[in-house]
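Peer 1: Supplied structure: query-v4.tsv, TSV, C-alpha atoms.
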chain	number	residue	atom	x	y	z
A	1	MET	CA	36.78	-2.40	2.07
A	2	LYS	CA	39.84	-0.17	1.70
A	3	LEU	CA	39.32	3.01	-0.28
A	4	LYS	CA	42.13	4.03	-2.60
A	5	LYS	CA	41.19	7.66	-2.94
A	6	GLN	CA	37.62	8.99	-2.66
A	7	ALA	CA	34.11	7.59	-2.36
A	8	LEU	CA	30.41	8.32	-2.00
A	9	SER	CA	28.92	6.60	1.04
A	10	PHE	CA	25.34	6.09	2.27
A	11	SER	CA	24.58	5.04	5.84
A	12	ASN	CA	21.52	3.93	7.78
A	13	PRO	CA	21.39	4.08	11.62
A	14	LEU	CA	20.13	0.47	11.63
A	15	VAL	CA	23.09	-0.82	9.63
A	16	PRO	CA	26.28	-1.08	11.74
A	17	TYR	CA	29.38	0.37	10.15
A	18	LYS	CA	32.78	1.68	11.13
A	19	TRP	CA	35.29	4.02	9.50
A	20	ASP	CA	39.03	3.78	10.14
A	21	HIS	CA	41.01	6.77	8.86
A	22	LEU	CA	44.31	5.61	7.40
A	23	SER	CA	45.35	9.14	6.50
A	24	ALA	CA	45.49	12.28	8.62
A	25	ASN	CA	44.33	14.30	5.60
A	26	ALA	CA	40.89	12.70	5.34
A	27	SER	CA	38.09	15.18	4.61
A	28	GLY	CA	34.62	15.21	3.15
A	29	LYS	CA	31.10	16.56	2.99
A	30	TYR	CA	27.93	15.05	4.40
A	31	CYS	CA	24.16	15.39	4.41
A	32	ILE	CA	22.12	14.11	7.38
A	33	PHE	CA	18.34	13.69	7.37
A	34	ASN	CA	15.67	11.56	9.02
A	35	PRO	CA	12.72	9.64	7.48
A	36	HIS	CA	10.29	12.46	8.33
A	37	PHE	CA	12.12	14.74	5.90
A	38	PHE	CA	10.87	12.52	3.07
A	39	MET	CA	7.39	11.85	4.38
A	40	ASN	CA	4.90	11.89	1.46
A	41	PHE	CA	7.87	12.40	-0.88
A	42	GLY	CA	8.70	8.87	-1.98
A	43	GLN	CA	9.90	5.74	-0.15
A	44	ILE	CA	13.56	6.60	0.26
A	45	GLN	CA	14.25	3.62	2.54
A	46	GLN	CA	13.35	1.27	-0.30
A	47	TYR	CA	16.57	2.11	-2.13
A	48	GLU	CA	19.26	-0.56	-1.82
A	49	VAL	CA	21.83	1.92	-0.49
A	50	PHE	CA	19.85	2.13	2.76
A	51	GLN	CA	19.02	-1.57	3.08
A	52	PRO	CA	21.04	-4.18	4.99
A	53	ASN	CA	21.80	-6.22	1.87
A	54	GLY	CA	22.64	-3.27	-0.35
A	55	THR	CA	25.90	-1.63	-1.42
A	56	HIS	CA	26.67	1.46	0.65
A	57	VAL	CA	30.06	2.67	-0.58
A	58	PHE	CA	30.94	3.67	-4.15
A	59	GLU	CA	34.50	4.55	-5.09
A	60	LEU	CA	34.78	7.64	-7.30
A	61	THR	CA	37.12	8.80	-10.03
A	62	ASP	CA	38.32	12.39	-9.99
A	63	GLU	CA	35.70	13.29	-12.61
A	64	GLU	CA	32.90	11.61	-10.62
A	65	THR	CA	34.09	13.34	-7.45
A	66	LYS	CA	33.67	16.73	-9.11
A	67	LYS	CA	30.08	15.84	-10.05
A	68	VAL	CA	29.28	14.79	-6.49
A	69	GLU	CA	30.91	17.92	-5.06
A	70	ASP	CA	28.74	19.97	-7.43
A	71	ILE	CA	25.59	18.34	-6.02
A	72	PHE	CA	26.72	19.10	-2.47
A	73	SER	CA	27.49	22.70	-3.43
A	74	ARG	CA	23.99	23.07	-4.88
A	75	MET	CA	22.60	21.64	-1.64
A	76	GLN	CA	24.44	24.25	0.38
A	77	GLU	CA	23.23	27.05	-1.91
A	78	GLU	CA	19.63	25.89	-1.58
A	79	PHE	CA	19.92	25.53	2.17
A	80	ASP	CA	21.30	29.07	2.53
A	81	SER	CA	18.69	30.56	0.20
A	82	GLU	CA	15.36	32.18	1.06
A	83	TYR	CA	13.51	30.20	-1.58
A	84	LYS	CA	10.06	29.23	-0.33
A	85	TYR	CA	10.29	25.64	-1.59
A	86	LYS	CA	13.97	25.06	-0.92
A	87	TYR	CA	13.36	21.86	1.05
A	88	ASP	CA	11.60	20.29	-1.92
A	89	SER	CA	14.64	21.22	-3.97
A	90	LEU	CA	16.93	19.68	-1.33
A	91	ARG	CA	14.97	16.44	-1.43
A	92	ASN	CA	15.43	16.29	-5.18
A	93	LEU	CA	19.17	16.77	-4.75
A	94	VAL	CA	19.33	13.91	-2.26
A	95	PHE	CA	17.59	11.67	-4.79
A	96	GLU	CA	20.08	12.86	-7.39
A	97	LEU	CA	22.93	11.70	-5.14
A	98	ILE	CA	21.28	8.32	-4.54
A	99	HIS	CA	20.78	7.65	-8.23
A	100	PHE	CA	24.25	8.90	-9.08
A	101	GLY	CA	25.75	6.35	-6.69
A	102	MET	CA	23.54	3.46	-7.76
A	103	LYS	CA	24.37	4.01	-11.43
A	104	LEU	CA	28.06	3.57	-10.65
A	105	GLN	CA	27.59	-0.10	-9.83
A	106	PRO	CA	27.64	-2.42	-12.85
A	107	ALA	CA	24.50	-4.50	-13.26
A	108	ALA	CA	26.57	-7.69	-13.03
A	109	VAL	CA	27.53	-7.00	-9.42
A	110	GLN	CA	24.37	-5.33	-8.16
A	111	GLN	CA	23.32	-8.46	-6.25
A	112	ILE	CA	25.44	-9.02	-3.13
A	113	GLN	CA	26.23	-12.61	-2.26
A	114	HIS	CA	23.26	-14.22	-0.54
A	115	GLY	CA	25.28	-15.52	2.42
A	116	ASN	CA	26.71	-12.08	3.19
A	117	ALA	CA	23.27	-10.48	2.89
A	118	SER	CA	21.71	-13.05	5.22
A	119	LEU	CA	24.50	-12.58	7.76
A	120	ARG	CA	24.04	-8.81	7.76
A	121	ILE	CA	20.26	-9.03	8.11
A	122	ALA	CA	20.55	-11.54	10.96
A	123	SER	CA	23.16	-9.41	12.74
A	124	ILE	CA	21.03	-6.28	12.58
A	125	PHE	CA	17.94	-8.21	13.70
A	126	LEU	CA	19.79	-9.49	16.78
A	127	GLU	CA	21.10	-6.00	17.52
A	128	LEU	CA	17.60	-4.49	17.28
A	129	LEU	CA	16.23	-7.26	19.49
A	130	GLU	CA	18.90	-6.82	22.15
A	131	ARG	CA	18.68	-3.02	22.05
A	132	GLN	CA	15.24	-3.20	23.69
A	133	PHE	CA	16.69	-4.63	26.90
A	134	PRO	CA	17.12	-4.37	29.80
A	135	ILE	CA	13.81	-2.78	30.76
A	136	ASP	CA	14.45	-0.55	33.74
A	137	GLU	CA	11.35	1.62	34.00
A	138	ILE	CA	7.94	0.32	34.95
A	139	HIS	CA	6.08	2.31	32.28
A	140	ASN	CA	8.36	1.27	29.41
A	141	SER	CA	7.21	-1.37	26.96
A	142	ILE	CA	9.14	-3.02	24.13
A	143	GLN	CA	7.95	-1.99	20.68
A	144	LEU	CA	9.29	-4.81	18.50
A	145	ARG	CA	7.62	-8.13	19.33
A	146	ALA	CA	6.67	-9.79	16.06
A	147	ALA	CA	8.78	-10.81	13.08
A	148	SER	CA	6.83	-8.31	10.98
A	149	ASP	CA	7.84	-5.48	13.36
A	150	PHE	CA	11.51	-6.21	12.75
A	151	ALA	CA	10.98	-6.66	9.01
A	152	ASP	CA	9.41	-3.19	8.85
A	153	GLN	CA	12.39	-1.70	10.67
A	154	LEU	CA	14.82	-3.44	8.34
A	155	ASN	CA	12.84	-2.56	5.22
A	156	VAL	CA	12.70	-6.18	4.07
A	157	HIS	CA	9.82	-8.58	3.49
A	158	VAL	CA	9.07	-10.69	6.54
A	159	ASN	CA	9.67	-13.88	4.53
A	160	HIS	CA	13.11	-12.58	3.55
A	161	LEU	CA	13.89	-11.89	7.21
A	162	ASN	CA	12.67	-15.33	8.29
A	163	ARG	CA	14.82	-17.08	5.68
A	164	ALA	CA	17.92	-15.12	6.67
A	165	ILE	CA	17.43	-15.81	10.39
A	166	LYS	CA	16.83	-19.53	9.79
A	167	GLU	CA	19.86	-19.77	7.54
A	168	MET	CA	22.20	-18.01	9.99
A	169	THR	CA	20.94	-19.31	13.36
A	170	GLY	CA	19.00	-22.49	12.66
A	171	LYS	CA	16.07	-21.02	14.58
A	172	THR	CA	12.97	-19.14	13.51
A	173	THR	CA	12.57	-15.40	14.06
A	174	THR	CA	9.68	-16.09	16.45
A	175	GLN	CA	11.82	-18.52	18.47
A	176	LEU	CA	14.59	-15.97	18.97
A	177	ILE	CA	12.16	-13.24	19.98
A	178	GLY	CA	10.38	-15.59	22.39
A	179	GLU	CA	13.64	-16.77	23.97
A	180	ARG	CA	14.82	-13.20	24.59
A	181	ILE	CA	11.47	-12.11	26.02
A	182	LEU	CA	11.44	-15.15	28.31
A	183	GLN	CA	14.96	-14.35	29.49
A	184	GLU	CA	13.92	-10.81	30.39
A	185	ALA	CA	10.70	-12.03	32.02
A	186	LYS	CA	12.66	-14.32	34.33
A	187	LEU	CA	15.03	-11.51	35.27
A	188	LEU	CA	12.18	-9.10	36.04
A	189	LEU	CA	10.30	-11.68	38.09
A	190	LYS	CA	13.46	-12.51	39.99
A	191	HIS	CA	14.99	-9.09	40.59
A	192	SER	CA	12.16	-6.52	40.40
A	193	SER	CA	9.25	-5.76	42.68
A	194	TRP	CA	6.86	-5.30	39.75
A	195	ASN	CA	3.69	-7.33	39.81
A	196	VAL	CA	2.99	-9.83	37.05
A	197	SER	CA	0.74	-7.39	35.17
A	198	GLU	CA	3.49	-4.76	35.10
A	199	VAL	CA	6.04	-7.30	33.89
A	200	ALA	CA	3.61	-8.44	31.19
A	201	TYR	CA	3.02	-4.87	29.98
A	202	SER	CA	6.74	-4.07	29.86
A	203	LEU	CA	7.28	-7.09	27.61
A	204	GLY	CA	4.61	-6.00	25.15
A	205	PHE	CA	1.69	-8.18	26.29
A	206	ASN	CA	-1.63	-6.33	26.23
A	207	GLU	CA	-3.29	-8.95	28.42
A	208	VAL	CA	-1.71	-10.60	31.44
A	209	THR	CA	-3.40	-13.87	30.48
A	210	HIS	CA	-1.42	-13.87	27.23
A	211	PHE	CA	1.79	-13.44	29.21
A	212	ASN	CA	0.80	-16.21	31.62
A	213	ASN	CA	0.07	-18.57	28.71
A	214	PHE	CA	3.37	-17.67	27.00
A	215	PHE	CA	5.39	-18.18	30.20
A	216	LYS	CA	3.69	-21.44	31.15
A	217	LYS	CA	4.18	-22.86	27.66
A	218	GLN	CA	7.91	-22.25	27.95
A	219	LEU	CA	8.56	-23.33	31.55
A	220	ASN	CA	5.52	-25.42	32.50
A	221	GLN	CA	4.76	-23.05	35.36
A	222	SER	CA	3.09	-19.68	35.72
A	223	PRO	CA	5.01	-16.45	36.39
A	224	THR	CA	3.63	-16.45	39.95
A	225	GLN	CA	4.79	-20.02	40.54
A	226	PHE	CA	8.19	-19.16	39.13
A	227	ARG	CA	8.52	-16.17	41.48
A	228	LYS	CA	7.39	-18.19	44.49
A	229	GLY	CA	9.90	-20.90	43.64
A	230	ILE	CA	12.71	-18.33	43.74
A	231	SER	CA	11.66	-16.84	47.08
A	232	SER	CA	11.03	-20.17	48.82
What's the structure tokens form of this structure?
Peer 2:
Amino acid sequence: MKLKKQALSFSNPLVPYKWDHLSANASGKYCIFNPHFFMNFGQIQQYEVFQPNGTHVFELTDEETKKVEDIFSRMQEEFDSEYKYKYDSLRNLVFELIHFGMKLQPAAVQQIQHGNASLRIASIFLELLERQFPIDEIHNSIQLRAASDFADQLNVHVNHLNRAIKEMTGKTTTQLIGERILQEAKLLLKHSSWNVSEVAYSLGFNEVTHFNNFFKKQLNQSPTQFRKGISS
């Protein structure tokens, strides 16, 4: 979207975005925090402004801009103060910003079009999946292996994720994960000197037998047979 004048924006590291400055006079204020800052202080990631299918940019009038600038000024004052509980106060101010932005959106347009939401969720899922590869250290192991793992990262219900992936790709979430793990398994067996157990661990299998069963189900041969076939 093209901003006419000024806006309040919320971003999440898991949601790809890009800013293009059309004016050399662009300026602004920002507040950066991580999930640990809000631990035991509410589920901040549940708010739509941080979710893949939410609205992240809210255009502001001059009057609204003054209100937002006031919140940021109060943040700076708290941060510079010696108040014992200043970080609790800062958390409250962040929530104030979130609710200020969300109230700007009329109820009639609060639901983004389903197709666009599904596309965004699928795109972020594929990016998270691909980001785990290639595996280049023997003691590394991928952390996201199940559909529920990705759903947790995206802050959506696993059924919501599965529907979006099926709608956008025609495949299930489990299929896409399995295909990418198999691709990496073949590369490691072909190009690395790691034994089968080490390859299995790096791909998130706790037991080598589980990896063997997974591999054989996909290619009708064991990892060892696959490796021997390459070298022969």
Peer 1: Restricting the calculation to only C-alpha atoms, which member of A:Tyr30, A:Asp80, A:Met75, A:Leu161 is positioned closest to Leu93 (chain A)?
Peer 2: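 Between A:Tyr30, A:Asp80, A:Met75, A:Leu161, the residue approaching Leu93 (chain A) most closely is A:Met75.
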Peer 1: Take CA of Glu127 (chain A) and CA of Cys31 (chain A) and report the distance between them in Å, one decimal.
Peer 2: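 Calculated distance between CA of Glu127 (chain A) and CA of Cys31 (chain A) is 25.3 Å.
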Peer 1: Quick one: of A:Arg91, A:Leu60, A:Asn212, A:Leu129, who's nearest to Lys103 (chain A), counting all atoms listed in the file?
Peer 2: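 Answer, going by the shortest atom-to-atom distance: A:Leu60.
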Peer 1: List the neighbours of region 168-182 of chain A out to 8 Å using all atoms listed in the file; skip same-chain residues closer than 4 positions along the sequence, and give me the result as a PyMOL selection string.
Peer 2: chain A and resi 118-119+122+129-130+145-147+161-162+164+186+203+215+218
Peer 1: Between A:Ala26, A:Ile121, A:Val156, A:Leu8, which residue has the minimum interatomic distance to Leu97 (chain A), considering all atoms listed in the file?
Peer 2: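 Of A:Ala26, A:Ile121, A:Val156, A:Leu8, the one nearest Leu97 (chain A) is A:Leu8, counting all atoms listed in the file.
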Peer 1: For a test of reading the model, state the distance in Å between CA of Val196 (chain A) and CA of Lys217 (chain A), rounded to one decimal.
Peer 2: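 CA of Lys217 (chain A) lies 16.1 Å from CA of Val196 (chain A).
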Peer 1: Each side padded by 4 Å, which centre and which edge lengths in Å (one decimal) define the axis-aligned box around the listed atoms of region 27-40 of chain A? Give them as lines of an AutoDock Vina configuration file.
Peer 2:
center_x = 21.5
center_y = 13.1
center_z = 5.2
size_x = 41.2
size_y = 14.9
size_z = 15.6
Peer 1: What is the distance between CA of Glu63 (chain A) and CA of Gln105 (chain A), in Å to one decimal?
Peer 2: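 One can read the CA of Glu63 (chain A) to CA of Gln105 (chain A) distance as 15.9 Å.
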Peer 1: Can you tell me, as a PyMOL selection string, which residues sit within 8 Å of (29.6, 8.3, -5.0) in the file's frame, using all atoms listed in the file?
Peer 2: chain A and resi 7-9+57-60+64-65+68+97+100-101+104
Peer 1: Could you give me, as an MDAnalysis selection string, the residues within 12 Å of Lys18 (chain A), counting all atoms listed in the file and dropping anything in the same chain fewer than 5 positions from it?
Peer 2: chainID A and resid 1:2 9 11:13
Peer 1: Would you mind telling me which residue in A:Glu48, A:Glu184, A:Asp70, A:Asp20 lies nearest to Gln132 (chain A) when using only C-alpha atoms?
Peer 2: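 Smallest distance to Gln132 (chain A) is found for A:Glu184.
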Peer 1: Looking at A:Leu126, A:Ala24, A:Ile135, A:Leu219, which one is nearest to Ala200 (chain A), with distances taken over only C-alpha atoms?
Peer 2: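 Ranked by minimum distance to Ala200 (chain A), first place goes to A:Ile135.
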Peer 1: Please identify all polymer residues within 12 Å of Arg131 (chain A), counting only C-alpha atoms, omitting same-chain residues fewer than 5 positions from it, and present them as a list in words.
Peer 2: Leu14, Ile124, Phe125, Leu126, Ile142, Gln143, Leu144 and Arg180 of chain A
Peer 1: I want to know what sits within 7 Å of Ser141 (chain A), based on only C-alpha atoms, with residues of the same chain fewer than 3 positions away left out; could you give that as a VMD selection string?
Peer 2: chain A and resid 201 to 204
Peer 1: Would you export the selected residues with C-alpha atoms as a short mmCIF file (atom, residue, chain, number, x, y, z; two decimals), in the coordinates of the input, please?
Peer 2:
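As a result, out.cif now contains:
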data_model
loop_
_atom_site.label_atom_id
_atom_site.label_comp_id
_atom_site.auth_asym_id
_atom_site.auth_seq_id
_atom_site.Cartn_x
_atom_site.Cartn_y
_atom_site.Cartn_z
CA TYR A 201 3.02 -4.87 29.98
CA SER A 202 6.74 -4.07 29.86
CA LEU A 203 7.28 -7.09 27.61
CA GLY A 204 4.61 -6.00 25.15
#
Peer 1: Using all atoms listed in the file, which residues sit within 12 Å of Leu22 (chain A) once same-chain residues fewer than 6 positions away are excluded, as a list in words?
Peer 2: Lys2, Leu3, Lys4 and Lys5 of chain A
Peer 1: Measuring between only C-alpha atoms, which one of A:Leu189, A:Leu128, A:Ile138, A:Met39 shows the shortest distance to Asp88 (chain A)?
Peer 2: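 Using only C-alpha atoms, Asp88 (chain A) sits closest to A:Met39.
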